[in-house]
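Asker: Structure in structure tokens, see below.
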Amino acid sequence: MTSDYYADTKAPMCPLVVKPFFDALDENHKRYAHHLSRASHWGTRVVLRQVSPESEAIYDLVLDIYKAVGGNWADLESKSGLSSDEIEQFKEYASQFLSNLGNYKSFGDAKFIPRLKPEAFRKIALVTPETAAQFDVVAEALYSTKPESKNLLGYADKGHLTAYYSPNVTKAEIEAVQKLTADHGILPENTRLFKDGDEFKLTIASADSKACGEFKDHYTLPDGRVVRIEYGDHTKEFVEIVKELEQARKYAANDIQKSMLDSYIESFKTGSMEAHKESQRQWVKDIGPKVENNIGFIETYRDPAGVRGEWEGLVAMVNEEQTAKFGELVNNAKKYIDQLPWPKEFEKDVFTPPDFTSLEVLTFAGSGIPAGINIPNYDDVRLNIGFKNVSLGNVLSAKAPNEKTTFIAAEELELFDKYRGPAFEVQVGIHELLGHGSGKLLSETGNGEFNFDHEHPPISPLTNKPVTTYYKKGQTWGSLFGAIAGSYEECRAESVAMYLSTDASILKIFGHEGQEADDVLYITYLLMARAGLIALEFWDPATGKWGQAHMQARYSILKCFRDAGIVEFESSKDDFSDLIIRLDRAKIPTVGKDAVGKYLQRLHIYKSSGDVEEGTKFYNEMTTVTPDMAKFRPVVLAKKLPRKQFIQANTVIENGTVVLKEYDADYSGMIKSFVERQV
């Protein structure tokens with residue numbers, strides 16, 4: 001049904017409160033933050049082009065309508081002859097579109113369309129001849145929901161939509177080109193792939209359109225077809241990104257930041273991903289900066305092949321009080337990693353304590369804002385240099401008034417609401433530091449060189465025999481496990497969080513002891529069970545495809561809980577409209593922890609040993625939605641709540657001083673914030 005794709009109504013609007021932390025900076029740090037923020041936002045159109053062919057045009061249409069009316073919605077209502085409800089529906093769509101930077105949900109990869117009827121939208125667009133023409137260009141794509149398969153992002157030859165590839169590129173061709181380019185050292189994160197006839201074009205994002213000399217101008221596939229390398233994708237935006245980074249460099253606090261920015265600038269000028277990798281080496285070494293940032297093609301979740309990154313730009317201030325709490329977790333990290341259910345041969349030889357900070361977000365330029373991050377994603381940088389964990393405090397704490405809670409028993413609502421925030425903080429902290437921060441990939445690091453005893457491979461606890469698989473030279477976690485890599489790793493990290501949250505000493509670090517610690521642990525598991533149920537929204541029964549990596553992971557953990565007998569569902573109605581989750585609290589520290597440990601062990605050993613065949617088979621089994629769970633999907637959809645939309649501040653320079661500009665927590669505030677970014 002078309003109505004299944006309607007944009008959210010009455011979505012909770014949450015401003016990212018950052019003013020106290022920004023105001024505490026000196027002018028140099030404010031300038032540094034300002035230019036980094038501008039550099040990040042210049043990537044907005046890059047994200048739009050990565051989502052769908054029509055997203056950039058819709059973006060221009062929405063902003064141009066706002067500019068034409070100056071935010072005077074009453075005047076627009078009068079001129080268009082539409083009702084206030086219809087104007088509200090336009091604002092709802094515009095706000096959700098901007099919040100997701102595209103017409104596909106950043107959390108779920110499913111298309112959404114306006115509730116406003118096309119003829120009503122066109123009346124709004126008639127505000128100027130230019131916007132009327134813009135609407136006519138995008139109207140069909142804006143409202144189309146047929147064929148249904150194209151309402152999900154994915155491989156084009158599977159019927160889905162992707163903007164990372166032209167529609168005529170098949171999955172097999174993507175894999176063939178990826179193998180070819182990987183063999184020649186071309187990292188894929190900042191590329192897109194197009195096909196014209198029998199010839200392919202691999203575009204590389206860069207300010208300069210001329211080749212940087214890293215690679216040849218073309219390569220040949222085994223079947224004789226040519227893959228041409230073309231620089232200068234998104235060149236207009238990258239010219240501006242480089243300008244802002246050059247300005248930011250003037251206000252860098254130390255030589256490490258300058259080196260980091262030099263590498264960013266080289267990467268974004270020339271398209272060199274090796275230069276970006278060097279920026280991440282420097283970034284990891286920049287411990288405890290007052291203004292934290294990370295910019296580039298970072299996460300690969302939305303590429304169906306799982307190798308091309310989406311543009312992202314983070315700029316944030318450190319919350320020193322909250323960071324002190326995470327510091328204690330870092331100091332004890334080795335002790336907790338040693339408790340994880342695998343032999344030491346499957347763990348890093350040396351654990352390098354990372355920088356783990358709590359940040360208050362000024363800017364997150366991308367399609368969606370996470371609650372925590374563990375980066376960089378380059379395996380060799382993580383292994384040889386280290387990584388950073390960040391918890392995004394003003395994202396975690398953002399709460400809209402009158403938020404509803406579904407699938408929780410009435411008698412537990414008070415406890416759930418009281419501890420959901422603290423429980424999520426514990427989960428995110430363990431997930432990022434001890435989840436993503438743990439583990440070793442058994443690899444061939446050079447010709448005949450290995451990071452493990454290749455002659456006497458480690459014994460797998462799953463078979464009690466030596467492992468027979470490993471990562472061959474040039475293979476990475478992402479390249480080997482492909483499309484499932486992102487979700488699989490999120491599942492492993494979430495499972496680490498479930499496993500270690502039963503440790504009373506970790507709960508104490510987060511400030512919870514005694515009965516409160518028991519309550520926080522219970523809500524941590526209940527949150528995960530609820531997330532696993534709600535995940536059914538992001539599963540497509542027609543194709544069996546999951547549209548969101550984290551939710552696929554959480555569903556599998558719910559399955560682990562159910563298989564262990566610690567979770568049941570309760571309903572007295574045929575339509576399950578009164579469905580609630582029952583979690584056996586007493587079994588969490590025993591049966592629950594043991595079940596999660598066994599699940600986690602399999603996930604980890606398959607990943608560590610590069611056993612893509614068994615790992616893929618196992619993860620697909622754990623994320624297959626069986627009829628006894630599929631029956632709950634209609635009630636999950638009926639009760640689904642709009643996703644929070646975060647309104648970010650802007651920075652401007654007035655009279656030589658950087659000023660923070662905040663916006664109202666409503667749809668108009670969201671649209672105005674984008675208009676005033678002018679990117």
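In the structure tokens, each chain is lettered A, B, ... as it comes, each chain's residues begin at 1, and ligands are numbered from 1 in order of appearance.
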As a PyMOL selection string, please: every residue in segment 416-542 of chain A that a backbone DSSP assignment puts in helix (DSSP H, G or I).

Answerer: chain A and resi 416-435+477-500+504-509+514-538

Asker: Quick one: everything within 8 Å of Ile241 of chain A, counting only C-alpha atoms, minus sequence neighbours fewer than 3 positions away in the same chain. Send it as a list in words.

Answerer: Arg38, Ala39, Ser40, Trp42, Gly43, Glu237, Phe238, Glu244, Leu245 and Phe268 of chain A

Asker: Report the closest atom pair, with its distance in Å rounded to one decimal, for each residue of segment 274-376 of chain A that has an atom no farther than 8 Å from segment 88-106 of chain A; count only C-alpha atoms, sort by chain and then rising residue number, and write it as JSON lines.

Answerer:
```
{"residue": "A:Gly366", "atom": "CA", "partner": "A:Leu101", "partner_atom": "CA", "distance": 7.0}
{"residue": "A:Ser367", "atom": "CA", "partner": "A:Asn100", "partner_atom": "CA", "distance": 4.6}
{"residue": "A:Gly368", "atom": "CA", "partner": "A:Ser106", "partner_atom": "CA", "distance": 5.7}
```

Asker: From a DSSP calculation on the backbone, collect every residue of segment 5-241 of chain A in strand (DSSP E) and output the set as an MDAnalysis selection string.

Answerer: chainID A and resid 13:15 191:196 199:205 218:220 226:233

Asker: With the cut-off set at 7 Å and counting only C-alpha atoms, tabulate each residue of segment 282-370 of chain A with an atom at most that distance from an atom of segment 256-261 of chain A, showing the nearest atom pair and its distance in Å to one decimal, ordered by chain and increasing number, as a tab-separated table.

Answerer:
```
residue	atom	partner	partner_atom	distance
A:Gln282	CA	A:Met260	CA	5.2
A:Trp283	CA	A:Met260	CA	6.0
A:Asp286	CA	A:Ile256	CA	6.2
```

Asker: Tell me which protein, DNA and RNA residues are within 7 Å of Pro354 of chain A, counting only C-alpha atoms, leaving out same-chain ones fewer than 3 positions away, and put them as a list in words.

Answerer: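 Listed by chain and then number, they are Gly386, Phe387, Lys388 and Asn389 of chain A.
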
Asker: For atom CA of Ser556 of chain A and atom CA of Tyr619 of chain A, quote the distance in Å rounded to one decimal.

Answerer: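 Atom CA of Tyr619 of chain A lies at a distance of 8.2 Å from atom CA of Ser556 of chain A.
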
Asker: Sorted by chain and rising residue number, which residues of segment 7-101 of chain A lie within 8 Å of segment 639-643 of chain A, and what are their closest atom pairs and distances in Å to one decimal, counting only C-alpha atoms, as CSV?

Answerer:
```
residue,atom,partner,partner_atom,distance
A:Asp8,CA,A:Pro642,CA,5.6
A:Thr9,CA,A:Pro642,CA,7.1
A:Lys10,CA,A:Pro642,CA,7.3
A:Ala11,CA,A:Pro642,CA,5.0
A:Pro12,CA,A:Pro642,CA,7.0
```

Asker: Just the selected residues (N, CA and C atoms), exported as a PDB file, in the first residue's frame, please.

Answerer:
```pdb
ATOM      1  N   ASP A   8       6.750  10.460   8.024  1.00  0.00           N
ATOM      2  CA  ASP A   8       6.289  10.492   9.408  1.00  0.00           C
ATOM      3  C   ASP A   8       5.440  11.730   9.670  1.00  0.00           C
ATOM      4  N   THR A   9       4.497  11.581  10.567  1.00  0.00           N
ATOM      5  CA  THR A   9       3.728  12.723  11.043  1.00  0.00           C
ATOM      6  C   THR A   9       3.964  12.865  12.539  1.00  0.00           C
ATOM      7  N   LYS A  10       4.029  14.110  12.972  1.00  0.00           N
ATOM      8  CA  LYS A  10       4.278  14.414  14.390  1.00  0.00           C
ATOM      9  C   LYS A  10       5.581  13.784  14.895  1.00  0.00           C
ATOM     10  N   ALA A  11       6.610  13.865  14.079  1.00  0.00           N
ATOM     11  CA  ALA A  11       7.918  13.336  14.488  1.00  0.00           C
ATOM     12  C   ALA A  11       8.480  14.155  15.642  1.00  0.00           C
ATOM     13  N   PRO A  12       9.116  13.502  16.625  1.00  0.00           N
ATOM     14  CA  PRO A  12       9.739  14.245  17.729  1.00  0.00           C
ATOM     15  C   PRO A  12      10.932  15.053  17.230  1.00  0.00           C
TER      16      PRO A  12
END
```

Asker: Need the shell around Ile484 of chain A: protein/DNA/RNA residues with any atom at most 9 Å away, counting only C-alpha atoms. Skip same-chain ones fewer than 3 positions apart. Format as number ranges by chain?

Answerer: A: 305-306, 478, 481, 487-489, 549, 616, 619-620

Asker: Keeping N, CA, C and O atoms, export the residues of the selection given above as a compact mmCIF listing (two decimals), in the first residue's frame.

Answerer:
```txt
# COMPACT_ATOMS: atom_id res chain seq x y z
N ALA A 305 27.22 -3.49 -1.73
CA ALA A 305 28.41 -4.34 -1.71
C ALA A 305 29.20 -4.17 -0.42
O ALA A 305 30.14 -4.93 -0.16
N GLY A 306 28.87 -3.16 0.38
CA GLY A 306 29.49 -2.98 1.69
C GLY A 306 30.92 -2.48 1.65
O GLY A 306 31.67 -2.69 2.61
N GLY A 478 35.87 -6.20 5.37
CA GLY A 478 34.80 -5.76 4.48
C GLY A 478 34.84 -6.44 3.13
O GLY A 478 33.80 -6.84 2.60
N PHE A 481 33.81 -10.40 3.72
CA PHE A 481 32.44 -10.71 4.14
C PHE A 481 31.39 -9.87 3.41
O PHE A 481 30.20 -10.13 3.53
N SER A 487 26.54 -5.38 9.31
CA SER A 487 25.57 -5.88 10.28
C SER A 487 26.20 -6.93 11.20
O SER A 487 25.96 -6.93 12.42
N TYR A 488 26.99 -7.81 10.64
CA TYR A 488 27.65 -8.87 11.41
C TYR A 488 28.51 -8.27 12.51
O TYR A 488 28.47 -8.70 13.67
N GLU A 489 29.31 -7.24 12.16
CA GLU A 489 30.18 -6.62 13.16
C GLU A 489 29.38 -5.86 14.21
O GLU A 489 29.74 -5.85 15.39
N ALA A 549 21.38 -2.31 9.16
CA ALA A 549 22.39 -3.24 9.69
C ALA A 549 22.24 -3.47 11.18
O ALA A 549 22.28 -4.62 11.66
N THR A 616 28.93 -16.62 7.17
CA THR A 616 27.77 -16.14 6.42
C THR A 616 26.57 -17.06 6.63
O THR A 616 25.45 -16.60 6.86
N TYR A 619 25.24 -16.51 10.25
CA TYR A 619 24.58 -15.22 10.47
C TYR A 619 23.25 -15.15 9.71
O TYR A 619 22.26 -14.61 10.22
N ASN A 620 23.21 -15.71 8.53
CA ASN A 620 21.95 -15.74 7.78
C ASN A 620 20.90 -16.55 8.51
O ASN A 620 19.71 -16.20 8.52
```

Asker: Name all residues at most 7 Å from segment 321-337 of chain A (count only C-alpha atoms; drop same-chain ones fewer than 5 positions away) and give them as a ChimeraX atom specification.

Answerer: /A:351,353,356-358,434,438,509-510

Asker: Between A:Glu411, A:Leu500, A:Thr406, A:His550, which is the closest to Val635 of chain A once you count only C-alpha atoms?

Answerer: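 Looking at the shortest contact to Val635 of chain A, the residue is A:Thr406.
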
Asker: At a cut-off of 7 Å, using only C-alpha atoms, what residues contact segment 171-188 of chain A? Leave out same-chain residues fewer than 4 positions from it and give the result as a short mmCIF file (atom, residue, chain, number, x, y, z; two decimals) with N, CA, C and O atoms, in the first residue's frame.

Answerer:
```cif
data_model
loop_
_atom_site.label_atom_id
_atom_site.label_comp_id
_atom_site.auth_asym_id
_atom_site.auth_seq_id
_atom_site.Cartn_x
_atom_site.Cartn_y
_atom_site.Cartn_z
N TYR A 155 21.06 -3.80 -4.45
CA TYR A 155 21.56 -4.08 -5.80
C TYR A 155 20.48 -3.84 -6.85
O TYR A 155 19.34 -4.30 -6.71
N ASP A 157 20.28 -5.13 -9.88
CA ASP A 157 19.84 -6.34 -10.57
C ASP A 157 19.01 -7.25 -9.67
O ASP A 157 18.50 -8.28 -10.14
N LEU A 221 39.51 -6.00 -17.15
CA LEU A 221 38.96 -7.18 -16.48
C LEU A 221 39.39 -8.45 -17.20
O LEU A 221 39.77 -8.40 -18.39
N MET A 273 42.98 7.85 -1.22
CA MET A 273 42.49 7.26 0.02
C MET A 273 43.66 6.87 0.92
O MET A 273 43.49 6.73 2.13
N VAL A 307 31.33 -1.79 0.56
CA VAL A 307 32.72 -1.32 0.48
C VAL A 307 32.83 0.19 0.25
O VAL A 307 33.84 0.79 0.61
N ARG A 308 31.82 0.82 -0.34
CA ARG A 308 31.88 2.26 -0.63
C ARG A 308 31.29 3.05 0.53
O ARG A 308 30.23 2.71 1.05
#
```

Asker: Rounded to one decimal place, report the atom CA of Asn319 of chain A-atom CA of Ala253 of chain A distance in Å.

Answerer: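 Between these atoms lies a distance of 17.9 Å.
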
Asker: Do a neighbour search on Ile87 of chain A at 10 Å with only C-alpha atoms, toss out local chain neighbours closer than 2 positions, and write the hits as a PDB file with C-alpha atoms, in the first residue's frame.

Answerer:
```
ATOM      1  CA  TRP A  73       3.664  29.585   5.999  1.00  0.00           C
ATOM      2  CA  ALA A  74       0.427  31.542   6.560  1.00  0.00           C
ATOM      3  CA  LEU A  76       1.873  30.378   1.483  1.00  0.00           C
ATOM      4  CA  GLU A  77      -1.412  28.903   2.726  1.00  0.00           C
ATOM      5  CA  SER A  80      -1.826  28.371  -2.614  1.00  0.00           C
ATOM      6  CA  LEU A  82      -4.382  24.934   0.628  1.00  0.00           C
ATOM      7  CA  SER A  83      -5.370  24.096   4.186  1.00  0.00           C
ATOM      8  CA  SER A  84      -3.068  24.476   7.178  1.00  0.00           C
ATOM      9  CA  ASP A  85      -2.997  20.659   7.407  1.00  0.00           C
ATOM     10  CA  GLN A  89       2.265  17.846   5.544  1.00  0.00           C
ATOM     11  CA  PHE A  90       4.700  19.647   3.242  1.00  0.00           C
ATOM     12  CA  LYS A  91       6.786  20.746   6.230  1.00  0.00           C
ATOM     13  CA  GLU A  92       6.723  17.224   7.683  1.00  0.00           C
ATOM     14  CA  LEU A 116       0.513  15.645   0.734  1.00  0.00           C
ATOM     15  CA  ALA A 120      -1.367  19.980  -3.516  1.00  0.00           C
ATOM     16  CA  PHE A 121       2.433  19.807  -3.572  1.00  0.00           C
ATOM     17  CA  ILE A 124       2.945  24.943  -3.190  1.00  0.00           C
TER      18      ILE A 124
END
```
